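Let me begin by presenting the structure, written as structure tokens, before commenting on it.
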Amino acid sequence: MEKKPSILLIYTGGTIGMAYRPDTNLLAPVNFEEISQQLPELKRFNYNLRAVSFDPPIDSSNIDPSTWVRIAETVYENYQSFDGFVILHGTDTMAYSASALSFMLEDLDKPVIFTGSQLPIGILRTDGKENIISAIEIAAATENGKPAVPEVCIFFQNSLFRGNRTTKFNAEYFNAFISANYPPLAETGIDIKFNFEAILKPAKGKKLKINTRLDNNIGILKLFPGIKSNLLRSFFNIPGLKAVVLETFGSGNAPNAGWFLDEIKYATSKGVILLNVSQCTAGSVDMTKYETGKKLLEAGVLNGYNITTEAAVTKLMFLLGQKLKEKEIKLFISTPIRGEIN
Ligand code: ASP
């Protein structure tokens with residue numbers, strides 16, 4: 001007899017499990033029992049489904065690296081007992097969490113699927129039911145006896161995306177996420193169509209390893225016309241600052257005025273890692289195209305290529321946490337390690 005797939009649901013919180021509090025009339029997370037009552041469909045799966053829940057569940061705006069460690073450890077501790085994992089999570093920071101987990105879970109060979117919803121599960125028109133049901137089916141799906149998607153992903157509306165390629169771009173419609181620089185790993189309609197060409201192959205014969213050391217001594221600095229040198233100087237003088245995601249214009253361009261480049265050189269000469277990430281959602285940094293980009297390269301700024309800000313932030317936290325040498329961090333930051341750039 002064929003073995004039933006076993007899936008672990010990890011409920012962290014988010015709109016999917018929220019209800020209006022009668023006293024404040026504001027949305028806040030409720031516990032998993034209340035969600036499962038709204039989801040009798042879960043009983044119809046011919047799978048071994050188990051759930052663990054954060055207590056209390058949280059709005060994902062409150063998530064920080066310690067939460068990522070909790071999720072990573074829960075996956076790790078249950079790894080041998082389950083075929084796949086579905087993480088119910090708020091949409092606001094889901095792209096950060098999925099990116100972080102992709103770096104923390106090394107040599108993953110099972111699916112870890114994040115999902116959530118824009119409307120709470122208790123609301124008639126909720127998008128949560130379809131999202132959970134499809135995410136569970138995807139987590140259980142196999143191809144030639146092996147997990148179909150051995151990656152950290154986000155499933156939302158009809159698309160399965162690589163987690164570290166994803167950005168929340170819509171706070172209103174059900175298609176809340178995009179992956180502008182990488183194709184979907186699967187799309188759901190009548191059937192679930194996997195894009196096997198785009199899915200990472202797991203490393204053979206390696207065991208899952210978790211990296212739980214993250215260093216959040218980093219910042220994001222978004223450039224804008226009119227930015228002043230005192231803002232840059234104050235930012236680069238933040239005590240303990242180790243790395244900055246520099247959000248630049250277009251294909252990685254920034255002012256090439258002397259005062260601006262002096263501030264950039266001030267940071268790089270202090271050993272602060274500056275990673276060039278475009279403010280544009282689609283396309284890639286190319287610091288060899290314009291004079292305004294080339295000057296950044298000469299000042300020691302590193303190329304983030306087509307990485308999302310979410311993946312850049314979490315990759316830096318991960319690399320800094322590994323206590324690597326500066327040379328190694330610089331090498332890894334511009335090299336794909338979990339399919340986050342190309
Ligand atoms: N504030 C909610 C959260 O991220 C939003 C959502 O889940 O859609 O937890």
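Letters A, B, ... go to the chains of the structure tokens in the order shown; residues in each chain start at 1; ligands are counted from 1 in the same order.
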request  = Return as a list in words every polymer residue, whether protein, DNA or RNA, with at least one atom no more than 6 Å from an atom of ligand 1; count only C-alpha atoms and all ligand atoms.
outcome  = Gly14, Thr15, Asp59, Ser60, Ser61, Gly90, Thr91, Asp92, Thr93, Ser117 and Gln118 of chain A
Keeping C-alpha atoms, export the residues of the selection given above as a JSON list (two decimals), in the first residue's frame.
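As a result, again_18.json now contains:
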```
[["chain", "number", "residue", "atom", "x", "y", "z"],
["A", 14, "GLY", "CA", -0.92, 36.66, 9.88],
["A", 15, "THR", "CA", -4.24, 37.81, 8.40],
["A", 59, "ASP", "CA", 1.23, 39.73, 12.97],
["A", 60, "SER", "CA", 4.20, 39.32, 10.62],
["A", 61, "SER", "CA", 5.17, 42.98, 11.10],
["A", 90, "GLY", "CA", 1.43, 37.06, 7.44],
["A", 91, "THR", "CA", 1.97, 38.54, 4.02],
["A", 92, "ASP", "CA", 3.67, 41.76, 5.16],
["A", 93, "THR", "CA", 7.08, 40.21, 5.78],
["A", 117, "SER", "CA", -4.00, 35.35, 2.75],
["A", 118, "GLN", "CA", -5.26, 38.86, 2.22]]
```
key: Who sits within 7 Å of A:Lys4, only C-alpha atoms, same chain under 2 positions skipped, as a list in words   =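 Non-adjacent residues within range: Glu2, Ser6, Asn46, Tyr47 and Asn48 of chain A.
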remark   = One decimal place gives the atom CA of A:Ala312-atom CA of A:Val277 separation as 7.8 Å
key: Residue contacts of A:Ile329 (9 Å, only C-alpha atoms) excluding same-chain residues fewer than 5 positions away, as a ChimeraX atom specification   = /A:273,316,319-320,323-324,334
Surrounding residues of A:Lys270 excluding itself and chain neighbours under 2 positions, 12 Å, only C-alpha atoms, as a PDB file with N, CA and C atoms, in the first residue's frame:
```
ATOM      1  N   ARG A 233      26.565  60.397   5.931  1.00  0.00           N
ATOM      2  CA  ARG A 233      27.598  60.300   6.963  1.00  0.00           C
ATOM      3  C   ARG A 233      27.008  59.741   8.264  1.00  0.00           C
ATOM      4  N   PHE A 236      26.351  55.996   7.827  1.00  0.00           N
ATOM      5  CA  PHE A 236      27.565  55.166   7.824  1.00  0.00           C
ATOM      6  C   PHE A 236      28.285  55.182   9.185  1.00  0.00           C
ATOM      7  N   ASN A 237      27.926  56.139  10.036  1.00  0.00           N
ATOM      8  CA  ASN A 237      28.534  56.193  11.373  1.00  0.00           C
ATOM      9  C   ASN A 237      27.715  55.449  12.436  1.00  0.00           C
ATOM     10  N   ILE A 238      26.658  54.760  12.011  1.00  0.00           N
ATOM     11  CA  ILE A 238      25.854  54.013  12.999  1.00  0.00           C
ATOM     12  C   ILE A 238      26.766  52.995  13.682  1.00  0.00           C
ATOM     13  N   PRO A 239      26.833  53.009  15.012  1.00  0.00           N
ATOM     14  CA  PRO A 239      27.738  52.077  15.701  1.00  0.00           C
ATOM     15  C   PRO A 239      27.429  50.620  15.350  1.00  0.00           C
ATOM     16  N   GLY A 240      28.451  49.874  15.037  1.00  0.00           N
ATOM     17  CA  GLY A 240      28.304  48.433  14.766  1.00  0.00           C
ATOM     18  C   GLY A 240      27.877  48.091  13.348  1.00  0.00           C
ATOM     19  N   LEU A 241      27.586  49.116  12.545  1.00  0.00           N
ATOM     20  CA  LEU A 241      27.090  48.851  11.180  1.00  0.00           C
ATOM     21  C   LEU A 241      28.123  48.059  10.372  1.00  0.00           C
ATOM     22  N   LYS A 242      27.667  46.936   9.778  1.00  0.00           N
ATOM     23  CA  LYS A 242      28.602  46.096   9.016  1.00  0.00           C
ATOM     24  C   LYS A 242      28.308  46.076   7.522  1.00  0.00           C
ATOM     25  N   ALA A 243      27.041  46.231   7.163  1.00  0.00           N
ATOM     26  CA  ALA A 243      26.706  46.137   5.731  1.00  0.00           C
ATOM     27  C   ALA A 243      25.449  46.958   5.436  1.00  0.00           C
ATOM     28  N   GLU A 263      31.542  60.074   0.397  1.00  0.00           N
ATOM     29  CA  GLU A 263      30.812  59.402   1.486  1.00  0.00           C
ATOM     30  C   GLU A 263      30.816  57.885   1.284  1.00  0.00           C
ATOM     31  N   ILE A 264      30.643  57.473   0.029  1.00  0.00           N
ATOM     32  CA  ILE A 264      30.649  56.030  -0.278  1.00  0.00           C
ATOM     33  C   ILE A 264      32.024  55.458   0.067  1.00  0.00           C
ATOM     34  N   LYS A 265      33.077  56.183  -0.330  1.00  0.00           N
ATOM     35  CA  LYS A 265      34.446  55.688  -0.048  1.00  0.00           C
ATOM     36  C   LYS A 265      34.714  55.697   1.462  1.00  0.00           C
ATOM     37  N   TYR A 266      34.118  56.674   2.162  1.00  0.00           N
ATOM     38  CA  TYR A 266      34.261  56.725   3.624  1.00  0.00           C
ATOM     39  C   TYR A 266      33.747  55.407   4.211  1.00  0.00           C
ATOM     40  N   ALA A 267      32.576  54.969   3.720  1.00  0.00           N
ATOM     41  CA  ALA A 267      31.978  53.730   4.258  1.00  0.00           C
ATOM     42  C   ALA A 267      32.830  52.520   3.889  1.00  0.00           C
ATOM     43  N   THR A 268      33.188  52.397   2.624  1.00  0.00           N
ATOM     44  CA  THR A 268      33.919  51.175   2.210  1.00  0.00           C
ATOM     45  C   THR A 268      35.300  51.132   2.864  1.00  0.00           C
ATOM     46  N   VAL A 272      32.694  48.862   5.829  1.00  0.00           N
ATOM     47  CA  VAL A 272      31.249  48.602   5.700  1.00  0.00           C
ATOM     48  C   VAL A 272      30.996  48.055   4.289  1.00  0.00           C
ATOM     49  N   ILE A 273      30.316  46.929   4.218  1.00  0.00           N
ATOM     50  CA  ILE A 273      30.004  46.326   2.913  1.00  0.00           C
ATOM     51  C   ILE A 273      28.818  47.071   2.313  1.00  0.00           C
ATOM     52  N   LEU A 274      28.970  47.546   1.087  1.00  0.00           N
ATOM     53  CA  LEU A 274      27.853  48.220   0.415  1.00  0.00           C
ATOM     54  C   LEU A 274      27.415  47.349  -0.757  1.00  0.00           C
ATOM     55  N   GLY A 300      34.179  50.734  -4.545  1.00  0.00           N
ATOM     56  CA  GLY A 300      34.153  49.514  -3.731  1.00  0.00           C
ATOM     57  C   GLY A 300      32.765  48.956  -3.459  1.00  0.00           C
TER      58      GLY A 300
END
```
Two-atom distance - atom CA of A:Gly205, atom CA of A:Pro184 (Å) = 26.9 Å
